[in-house]
2 protein chains.
Amino acid sequence: MKKFAVVLSGCGVFDGAEIHEATLTLLAIKQNGADYEVFAPDIPQYHVINHITGEVMEESRNVLVESARIARGNIRNLTEYDPDRFDAIIFPGGFGVAKNLSDFAFNGAACSLHPEVDAAIKKTAKKRKPIGALCISPVIIVRALGDVEVTIGDDEATADAIVAMGGSHMEADHGEVIIDEEKLVFTTPCYMLDADIAQIFEGADNIVNAMIEYMP
Amino acid sequence: MKKFAVVLSGCGVFDGAEIHEATLTLLAIKQNGADYEVFAPDIPQYHVINHITGEVMEESRNVLVESARIARGNIRNLTEYDPDRFDAIIFPGGFGVAKNLSDFAFNGAACSLHPEVDAAIKKTAKKRKPIGALCISPVIIVRALGDVEVTIGDDEATADAIVAMGGSHMEADHGEVIIDEEKLVFTTPCYMLDADIAQIFEGADNIVNAMIEYMP
């Protein structure tokens, strides 16, 4: 059975992993006859956002502990990720990718990645295994791997940042998957476009399917 | 377009709404050509659980604010729920149903409901509109309406509590929906059984479909 490592960045679109993208990635993996393990880094969230008002709350939360809500407690520290045990790695989106896994939300094309995230991407690429990224997550793949072709939908500022980091950007619509066949990188826009939840599942299902097709 | 009110109880299986059940209910509604609005009561959570260790955390969180993570900010206070504006109401599961929407987790068959939850269920029943409940949520429907036939899967203690509250219990397997045609109550076990996420979607999709069929 093919096995995906799914990397989360918290629990909630504005300060963590986008919950629909994360959940529907897990669903797509299972429905396509594969299995998954969920990972997250054991680090503080950049901040906590009240998802009704958009305001910062005077709290601190941990990325691994909050991600465990989506994983129903079945989650592992990203330090334990070993690409030899998996057939692919995939990153759902959400601002947590740009605030916790990296500082892209603040530094754009000058961003850096959390070292464990950088290592997970690079180790997987070295093993020639598929790397998937939904929504805003393609920016961290480009930061780690450089010259790779991805999509984040049609947002110009983010596309410009991707180019500035050495990547190339293809526009894509709901559910479309851009495949860099050389680097084995798979990306789809999801909530980077104005989408409904059925369109998010279409994107998650298509990217998971495409990644399975490219597995040896 | 048929419209569902979806009532959440927080964000995370052990102290709030079960995230997969909530998300996949939203997906099933959209995929079946209907629409939804999300509601939750504006009350403190009973407690906050670390979803890795199962331990209580010294924090307080609000049910409406945390539920907004699943709803991506598009959520309303349950006090604003008006059954005339909806074709059905549905309750995903999670311990939040038994700890926040009611005290079933602590008082079993002697439980009481949060008054706004009780009112939402009773007002919907009075209008003869479908009421759906996943996982543990059937217990709050029985508490509100009394003599109604439901399933929570095959857990004997919970089934006994349902009978003690005046309801009747039918065993059900993955994806099965028990329909009380007189009371228009629809229930399915989801994570009350040992299930995977694809089975949760099967249950969510089947219950939403059944509810739509019974709409006038």
# chains A, B, ... in the order shown; residues from 1 in each chain; ligands from 1
$ residues_around --residues "Glu55 of chain A" --least-positions-apart "3" --cutoff "12 Å" --atoms "only C-alpha atoms" --output "list of chain:residue names"
A:Phe14, A:Asp15, A:His47, A:Val48, A:Ile49, A:Asn50, A:His51, A:Ile52, A:Glu58, A:Glu59, B:Val65, B:Gly73
$ write_last_selection --atoms "all heavy atoms" --output "mmCIF file, in the first residue's frame"
data_model
loop_
_atom_site.group_PDB
_atom_site.id
_atom_site.type_symbol
_atom_site.label_atom_id
_atom_site.label_comp_id
_atom_site.auth_asym_id
_atom_site.auth_seq_id
_atom_site.Cartn_x
_atom_site.Cartn_y
_atom_site.Cartn_z
ATOM 1 N N PHE A 14 -6.086 30.736 9.301
ATOM 2 C CA PHE A 14 -5.418 32.026 9.450
ATOM 3 C C PHE A 14 -4.125 31.979 10.269
ATOM 4 O O PHE A 14 -3.320 32.909 10.220
ATOM 5 C CB PHE A 14 -6.380 33.072 10.032
ATOM 6 C CG PHE A 14 -7.574 33.310 9.143
ATOM 7 C CD1 PHE A 14 -8.871 33.222 9.639
ATOM 8 C CD2 PHE A 14 -7.409 33.591 7.798
ATOM 9 C CE1 PHE A 14 -9.973 33.415 8.812
ATOM 10 C CE2 PHE A 14 -8.501 33.794 6.960
ATOM 11 C CZ PHE A 14 -9.791 33.701 7.473
ATOM 12 N N ASP A 15 -3.927 30.907 11.024
ATOM 13 C CA ASP A 15 -2.679 30.778 11.794
ATOM 14 C C ASP A 15 -2.091 29.368 11.739
ATOM 15 O O ASP A 15 -1.087 29.102 12.403
ATOM 16 C CB ASP A 15 -2.898 31.196 13.260
ATOM 17 C CG ASP A 15 -4.004 30.392 13.950
ATOM 18 O OD1 ASP A 15 -4.372 29.312 13.453
ATOM 19 O OD2 ASP A 15 -4.515 30.860 14.995
ATOM 20 N N HIS A 47 1.568 33.064 15.804
ATOM 21 C CA HIS A 47 0.569 33.723 16.655
ATOM 22 C C HIS A 47 -0.742 32.938 16.587
ATOM 23 O O HIS A 47 -0.832 31.930 15.874
ATOM 24 C CB HIS A 47 0.363 35.192 16.257
ATOM 25 C CG HIS A 47 -0.052 35.419 14.830
ATOM 26 N ND1 HIS A 47 -0.029 36.658 14.222
ATOM 27 C CD2 HIS A 47 -0.490 34.558 13.878
ATOM 28 C CE1 HIS A 47 -0.447 36.540 12.979
ATOM 29 N NE2 HIS A 47 -0.734 35.284 12.737
ATOM 30 N N VAL A 48 -1.712 33.390 17.363
ATOM 31 C CA VAL A 48 -3.039 32.775 17.369
ATOM 32 C C VAL A 48 -4.038 33.825 16.898
ATOM 33 O O VAL A 48 -4.082 34.934 17.436
ATOM 34 C CB VAL A 48 -3.419 32.278 18.784
ATOM 35 C CG1 VAL A 48 -4.818 31.650 18.774
ATOM 36 C CG2 VAL A 48 -2.389 31.290 19.312
ATOM 37 N N ILE A 49 -4.820 33.466 15.883
ATOM 38 C CA ILE A 49 -5.791 34.413 15.312
ATOM 39 C C ILE A 49 -7.211 33.978 15.671
ATOM 40 O O ILE A 49 -7.570 32.810 15.515
ATOM 41 C CB ILE A 49 -5.646 34.458 13.771
ATOM 42 C CG1 ILE A 49 -4.270 35.002 13.359
ATOM 43 C CG2 ILE A 49 -6.766 35.268 13.128
ATOM 44 C CD1 ILE A 49 -4.099 36.493 13.495
ATOM 45 N N ASN A 50 -8.000 34.924 16.158
ATOM 46 C CA ASN A 50 -9.436 34.710 16.308
ATOM 47 C C ASN A 50 -10.018 34.638 14.893
ATOM 48 O O ASN A 50 -9.949 35.620 14.135
ATOM 49 C CB ASN A 50 -10.040 35.873 17.100
ATOM 50 C CG ASN A 50 -11.547 35.762 17.247
ATOM 51 O OD1 ASN A 50 -12.249 35.430 16.297
ATOM 52 N ND2 ASN A 50 -12.052 36.072 18.438
ATOM 53 N N HIS A 51 -10.556 33.482 14.513
ATOM 54 C CA HIS A 51 -10.986 33.270 13.126
ATOM 55 C C HIS A 51 -12.300 33.972 12.786
ATOM 56 O O HIS A 51 -12.726 33.946 11.637
ATOM 57 C CB HIS A 51 -11.068 31.772 12.815
ATOM 58 C CG HIS A 51 -9.730 31.169 12.454
ATOM 59 N ND1 HIS A 51 -8.620 31.270 13.261
ATOM 60 C CD2 HIS A 51 -9.317 30.486 11.344
ATOM 61 C CE1 HIS A 51 -7.592 30.666 12.680
ATOM 62 N NE2 HIS A 51 -7.986 30.180 11.521
ATOM 63 N N ILE A 52 -12.941 34.592 13.765
ATOM 64 C CA ILE A 52 -14.133 35.406 13.467
ATOM 65 C C ILE A 52 -13.722 36.845 13.192
ATOM 66 O O ILE A 52 -14.114 37.435 12.191
ATOM 67 C CB ILE A 52 -15.148 35.359 14.629
ATOM 68 C CG1 ILE A 52 -15.610 33.921 14.864
ATOM 69 C CG2 ILE A 52 -16.346 36.271 14.326
ATOM 70 C CD1 ILE A 52 -16.530 33.760 16.057
ATOM 71 N N GLU A 58 -4.192 36.909 22.678
ATOM 72 C CA GLU A 58 -3.046 36.864 23.593
ATOM 73 C C GLU A 58 -2.864 35.453 24.131
ATOM 74 O O GLU A 58 -3.108 35.172 25.294
ATOM 75 C CB GLU A 58 -3.246 37.870 24.728
ATOM 76 C CG GLU A 58 -3.125 39.309 24.282
ATOM 77 C CD GLU A 58 -1.787 39.599 23.603
ATOM 78 O OE1 GLU A 58 -0.745 39.149 24.109
ATOM 79 O OE2 GLU A 58 -1.805 40.249 22.540
ATOM 80 N N GLU A 59 -2.466 34.554 23.278
ATOM 81 C CA GLU A 59 -2.281 33.157 23.643
ATOM 82 C C GLU A 59 -1.059 32.657 22.917
ATOM 83 O O GLU A 59 -0.621 33.250 21.938
ATOM 84 C CB GLU A 59 -3.455 32.308 23.136
ATOM 85 C CG GLU A 59 -4.748 32.549 23.836
ATOM 86 C CD GLU A 59 -5.768 31.506 23.429
ATOM 87 O OE1 GLU A 59 -5.366 30.369 23.072
ATOM 88 O OE2 GLU A 59 -6.965 31.816 23.455
ATOM 89 N N VAL B 65 -15.679 30.706 18.752
ATOM 90 C CA VAL B 65 -14.400 31.161 18.179
ATOM 91 C C VAL B 65 -13.617 29.980 17.610
ATOM 92 O O VAL B 65 -13.048 30.066 16.509
ATOM 93 C CB VAL B 65 -13.575 31.922 19.243
ATOM 94 C CG1 VAL B 65 -12.159 32.198 18.750
ATOM 95 C CG2 VAL B 65 -14.277 33.229 19.607
ATOM 96 N N GLY B 73 -14.093 31.208 9.358
ATOM 97 C CA GLY B 73 -14.591 32.521 9.762
ATOM 98 C C GLY B 73 -16.045 32.788 9.441
ATOM 99 O O GLY B 73 -16.647 33.724 9.976
#
$ interface_residues --of "chain A" --to "chain B" --cutoff "9 Å" --atoms "only C-alpha atoms" --output "ChimeraX atom specification"
/A:11-14,18-20,23-24,26-31,50-54,59,64-75,196-198,201
$ write_last_selection --atoms "N, CA and C atoms" --output "tab-separated table (two decimals), in the first residue's frame"
chain	number	residue	atom	x	y	z
A	11	CYS	N	-3.78	24.32	13.05
A	11	CYS	CA	-5.18	23.90	12.86
A	11	CYS	C	-6.08	25.12	12.70
A	12	GLY	N	-6.20	25.60	11.47
A	12	GLY	CA	-7.05	26.77	11.20
A	12	GLY	C	-6.38	27.65	10.16
A	13	VAL	N	-7.15	28.07	9.17
A	13	VAL	CA	-6.60	28.71	7.98
A	13	VAL	C	-5.74	29.93	8.28
A	14	PHE	N	-6.09	30.74	9.30
A	14	PHE	CA	-5.42	32.03	9.45
A	14	PHE	C	-4.13	31.98	10.27
A	18	GLU	N	-4.89	24.83	6.78
A	18	GLU	CA	-6.27	25.01	6.33
A	18	GLU	C	-6.97	23.65	6.55
A	19	ILE	N	-8.03	23.68	7.35
A	19	ILE	CA	-8.64	22.43	7.82
A	19	ILE	C	-9.29	21.64	6.68
A	20	HIS	N	-9.96	22.33	5.76
A	20	HIS	CA	-10.60	21.59	4.65
A	20	HIS	C	-9.53	20.94	3.77
A	23	THR	N	-7.99	17.95	5.73
A	23	THR	CA	-8.92	16.82	5.88
A	23	THR	C	-9.19	16.16	4.53
A	24	LEU	N	-9.37	16.96	3.50
A	24	LEU	CA	-9.73	16.40	2.19
A	24	LEU	C	-8.52	15.74	1.53
A	26	LEU	N	-6.39	13.96	3.36
A	26	LEU	CA	-6.45	12.65	4.03
A	26	LEU	C	-7.54	11.77	3.38
A	27	LEU	N	-8.69	12.37	3.12
A	27	LEU	CA	-9.79	11.61	2.48
A	27	LEU	C	-9.37	11.10	1.10
A	28	ALA	N	-8.76	11.97	0.31
A	28	ALA	CA	-8.36	11.58	-1.05
A	28	ALA	C	-7.34	10.44	-1.00
A	29	ILE	N	-6.43	10.49	-0.05
A	29	ILE	CA	-5.43	9.43	0.08
A	29	ILE	C	-6.11	8.10	0.37
A	30	LYS	N	-7.00	8.09	1.35
A	30	LYS	CA	-7.69	6.84	1.71
A	30	LYS	C	-8.58	6.34	0.59
A	31	GLN	N	-9.33	7.25	-0.04
A	31	GLN	CA	-10.25	6.83	-1.11
A	31	GLN	C	-9.49	6.27	-2.31
A	50	ASN	N	-8.00	34.92	16.16
A	50	ASN	CA	-9.44	34.71	16.31
A	50	ASN	C	-10.02	34.64	14.89
A	51	HIS	N	-10.56	33.48	14.51
A	51	HIS	CA	-10.99	33.27	13.13
A	51	HIS	C	-12.30	33.97	12.79
A	52	ILE	N	-12.94	34.59	13.77
A	52	ILE	CA	-14.13	35.41	13.47
A	52	ILE	C	-13.72	36.85	13.19
A	53	THR	N	-12.90	37.42	14.08
A	53	THR	CA	-12.57	38.83	13.98
A	53	THR	C	-11.29	39.08	13.17
A	54	GLY	N	-10.45	38.06	13.04
A	54	GLY	CA	-9.16	38.25	12.38
A	54	GLY	C	-8.10	38.84	13.30
A	59	GLU	N	-2.47	34.55	23.28
A	59	GLU	CA	-2.28	33.16	23.64
A	59	GLU	C	-1.06	32.66	22.92
A	64	LEU	N	2.58	21.38	16.62
A	64	LEU	CA	2.36	19.93	16.67
A	64	LEU	C	1.09	19.60	17.45
A	65	VAL	N	0.91	20.25	18.59
A	65	VAL	CA	-0.24	19.97	19.45
A	65	VAL	C	-1.55	20.37	18.75
A	66	GLU	N	-1.57	21.51	18.08
A	66	GLU	CA	-2.79	21.93	17.39
A	66	GLU	C	-3.04	21.09	16.15
A	67	SER	N	-1.98	20.74	15.43
A	67	SER	CA	-2.15	19.87	14.25
A	67	SER	C	-2.77	18.53	14.64
A	68	ALA	N	-2.48	18.09	15.86
A	68	ALA	CA	-3.02	16.80	16.34
A	68	ALA	C	-4.53	16.79	16.36
A	69	ARG	N	-5.17	17.96	16.41
A	69	ARG	CA	-6.64	18.02	16.34
A	69	ARG	C	-7.13	17.47	15.00
A	70	ILE	N	-6.46	17.83	13.92
A	70	ILE	CA	-6.85	17.35	12.59
A	70	ILE	C	-6.52	15.86	12.47
A	71	ALA	N	-5.44	15.44	13.11
A	71	ALA	CA	-4.98	14.05	13.01
A	71	ALA	C	-5.61	13.14	14.06
A	72	ARG	N	-6.53	13.65	14.87
A	72	ARG	CA	-7.17	12.87	15.93
A	72	ARG	C	-6.12	12.23	16.85
A	73	GLY	N	-5.05	12.95	17.09
A	73	GLY	CA	-4.02	12.48	18.02
A	73	GLY	C	-2.95	11.61	17.38
A	74	ASN	N	-3.20	11.12	16.16
A	74	ASN	CA	-2.22	10.25	15.49
A	74	ASN	C	-1.25	11.08	14.67
A	75	ILE	N	-0.25	11.61	15.32
A	75	ILE	CA	0.65	12.54	14.67
A	75	ILE	C	2.05	12.34	15.20
A	196	ASP	N	-15.08	26.86	-3.40
A	196	ASP	CA	-15.91	26.24	-2.38
A	196	ASP	C	-15.31	24.88	-2.03
A	197	ILE	N	-15.86	24.25	-1.00
A	197	ILE	CA	-15.24	23.06	-0.44
A	197	ILE	C	-15.26	21.89	-1.43
A	198	ALA	N	-16.24	21.84	-2.33
A	198	ALA	CA	-16.27	20.76	-3.33
A	198	ALA	C	-15.11	20.93	-4.31
A	201	PHE	N	-11.95	19.67	-2.66
A	201	PHE	CA	-11.80	18.20	-2.74
A	201	PHE	C	-11.36	17.78	-4.14
$ residues_around --residues "Gly167 of chain B" --least-positions-apart "2" --cutoff "7 Å" --atoms "only C-alpha atoms" --output "list in words"
Val142, Gly146, Asp147, Val148, Glu149, Ile162, Val163, Met165 and His169 of chain B
$ residues_around --residues "Ile212 of chain A" --least-positions-apart "6" --cutoff "10 Å" --atoms "only C-alpha atoms" --output "list in words"
Lys2, Lys3, Phe4, Ile29, Asn32, Gly33, Ala34, Asp87, Ala88, Pro130 and Asn206 of chain A
$ write_last_selection --atoms "all heavy atoms" --output "mmCIF file, in the first residue's frame"
data_model
loop_
_atom_site.group_PDB
_atom_site.id
_atom_site.type_symbol
_atom_site.label_atom_id
_atom_site.label_comp_id
_atom_site.auth_asym_id
_atom_site.auth_seq_id
_atom_site.Cartn_x
_atom_site.Cartn_y
_atom_site.Cartn_z
ATOM 1 N N LYS A 2 0.568 2.176 -0.886
ATOM 2 C CA LYS A 2 1.355 3.410 -0.975
ATOM 3 C C LYS A 2 1.097 4.275 0.249
ATOM 4 O O LYS A 2 -0.040 4.378 0.720
ATOM 5 C CB LYS A 2 0.963 4.189 -2.234
ATOM 6 C CG LYS A 2 1.210 3.422 -3.531
ATOM 7 C CD LYS A 2 2.669 3.072 -3.724
ATOM 8 C CE LYS A 2 2.909 2.428 -5.092
ATOM 9 N NZ LYS A 2 4.303 1.928 -5.197
ATOM 10 N N LYS A 3 2.133 4.924 0.742
ATOM 11 C CA LYS A 3 1.995 5.697 1.978
ATOM 12 C C LYS A 3 2.481 7.134 1.809
ATOM 13 O O LYS A 3 3.600 7.376 1.360
ATOM 14 C CB LYS A 3 2.774 5.008 3.092
ATOM 15 C CG LYS A 3 2.393 5.496 4.470
ATOM 16 C CD LYS A 3 2.788 4.477 5.520
ATOM 17 C CE LYS A 3 2.087 4.714 6.834
ATOM 18 N NZ LYS A 3 2.500 3.703 7.818
ATOM 19 N N PHE A 4 1.603 8.050 2.207
ATOM 20 C CA PHE A 4 1.912 9.483 2.151
ATOM 21 C C PHE A 4 2.295 9.985 3.545
ATOM 22 O O PHE A 4 1.642 9.638 4.528
ATOM 23 C CB PHE A 4 0.684 10.288 1.715
ATOM 24 C CG PHE A 4 0.351 10.213 0.257
ATOM 25 C CD1 PHE A 4 -0.188 9.066 -0.304
ATOM 26 C CD2 PHE A 4 0.550 11.317 -0.569
ATOM 27 C CE1 PHE A 4 -0.509 9.005 -1.657
ATOM 28 C CE2 PHE A 4 0.231 11.273 -1.927
ATOM 29 C CZ PHE A 4 -0.301 10.109 -2.471
ATOM 30 N N ILE A 29 -6.432 10.495 -0.049
ATOM 31 C CA ILE A 29 -5.426 9.435 0.079
ATOM 32 C C ILE A 29 -6.110 8.102 0.374
ATOM 33 O O ILE A 29 -5.857 7.092 -0.293
ATOM 34 C CB ILE A 29 -4.396 9.800 1.182
ATOM 35 C CG1 ILE A 29 -3.530 10.980 0.727
ATOM 36 C CG2 ILE A 29 -3.530 8.592 1.533
ATOM 37 C CD1 ILE A 29 -2.668 11.592 1.831
ATOM 38 N N ASN A 32 -8.241 6.691 -2.482
ATOM 39 C CA ASN A 32 -7.448 6.186 -3.596
ATOM 40 C C ASN A 32 -6.639 4.946 -3.202
ATOM 41 O O ASN A 32 -5.689 4.566 -3.902
ATOM 42 C CB ASN A 32 -6.539 7.288 -4.147
ATOM 43 C CG ASN A 32 -7.322 8.268 -5.013
ATOM 44 O OD1 ASN A 32 -7.796 7.916 -6.081
ATOM 45 N ND2 ASN A 32 -7.503 9.489 -4.527
ATOM 46 N N GLY A 33 -6.993 4.344 -2.065
ATOM 47 C CA GLY A 33 -6.387 3.065 -1.690
ATOM 48 C C GLY A 33 -5.007 3.175 -1.085
ATOM 49 O O GLY A 33 -4.311 2.173 -0.916
ATOM 50 N N ALA A 34 -4.609 4.386 -0.718
ATOM 51 C CA ALA A 34 -3.309 4.570 -0.085
ATOM 52 C C ALA A 34 -3.513 4.838 1.410
ATOM 53 O O ALA A 34 -4.639 4.838 1.903
ATOM 54 C CB ALA A 34 -2.563 5.721 -0.751
ATOM 55 N N ASP A 87 6.157 6.866 0.347
ATOM 56 C CA ASP A 87 6.201 6.942 -1.111
ATOM 57 C C ASP A 87 6.054 8.371 -1.603
ATOM 58 O O ASP A 87 6.227 8.632 -2.806
ATOM 59 C CB ASP A 87 5.085 6.077 -1.696
ATOM 60 C CG ASP A 87 5.248 4.623 -1.286
ATOM 61 O OD1 ASP A 87 6.172 3.983 -1.804
ATOM 62 O OD2 ASP A 87 4.485 4.147 -0.415
ATOM 63 N N ALA A 88 5.665 9.276 -0.717
ATOM 64 C CA ALA A 88 5.445 10.673 -1.120
ATOM 65 C C ALA A 88 5.276 11.522 0.131
ATOM 66 O O ALA A 88 4.958 11.010 1.217
ATOM 67 C CB ALA A 88 4.183 10.778 -1.976
ATOM 68 N N PRO A 130 7.597 11.679 -5.064
ATOM 69 C CA PRO A 130 6.710 12.813 -5.320
ATOM 70 C C PRO A 130 6.526 13.718 -4.105
ATOM 71 O O PRO A 130 6.377 13.241 -2.977
ATOM 72 C CB PRO A 130 5.388 12.144 -5.709
ATOM 73 C CG PRO A 130 5.776 10.802 -6.236
ATOM 74 C CD PRO A 130 6.969 10.386 -5.426
ATOM 75 N N ASN A 206 -7.349 15.243 -7.223
ATOM 76 C CA ASN A 206 -6.535 15.240 -8.442
ATOM 77 C C ASN A 206 -5.036 15.187 -8.141
ATOM 78 O O ASN A 206 -4.283 14.481 -8.819
ATOM 79 C CB ASN A 206 -6.836 16.484 -9.286
ATOM 80 C CG ASN A 206 -8.206 16.411 -9.952
ATOM 81 O OD1 ASN A 206 -8.826 15.345 -9.996
ATOM 82 N ND2 ASN A 206 -8.699 17.539 -10.445
#
$ atom_distance --atom1 "atom CA of Leu145 of chain B" --atom2 "atom CA of Lys123 of chain B"
10.6 Å
$ closest_residue --among "B:Ala133, B:Leu8, B:Met170, B:Val56" --to "Leu101 of chain B" --atoms "only C-alpha atoms"
B:Leu8
$ residues_around --residues "Ile152 of chain B" --least-positions-apart "3" --cutoff "8 Å" --atoms "only C-alpha atoms" --output "PyMOL selection string"
chain B and resi 134-136+138+155+158-159+169-172+187-189+192
$ select_by_dssp --residues "segment 14-163 of chain A" --states "alpha helix (DSSP H)" --output "ChimeraX atom specification"
/A:19-31,63-70,95-99,104-107,115-126,138-145,156-163
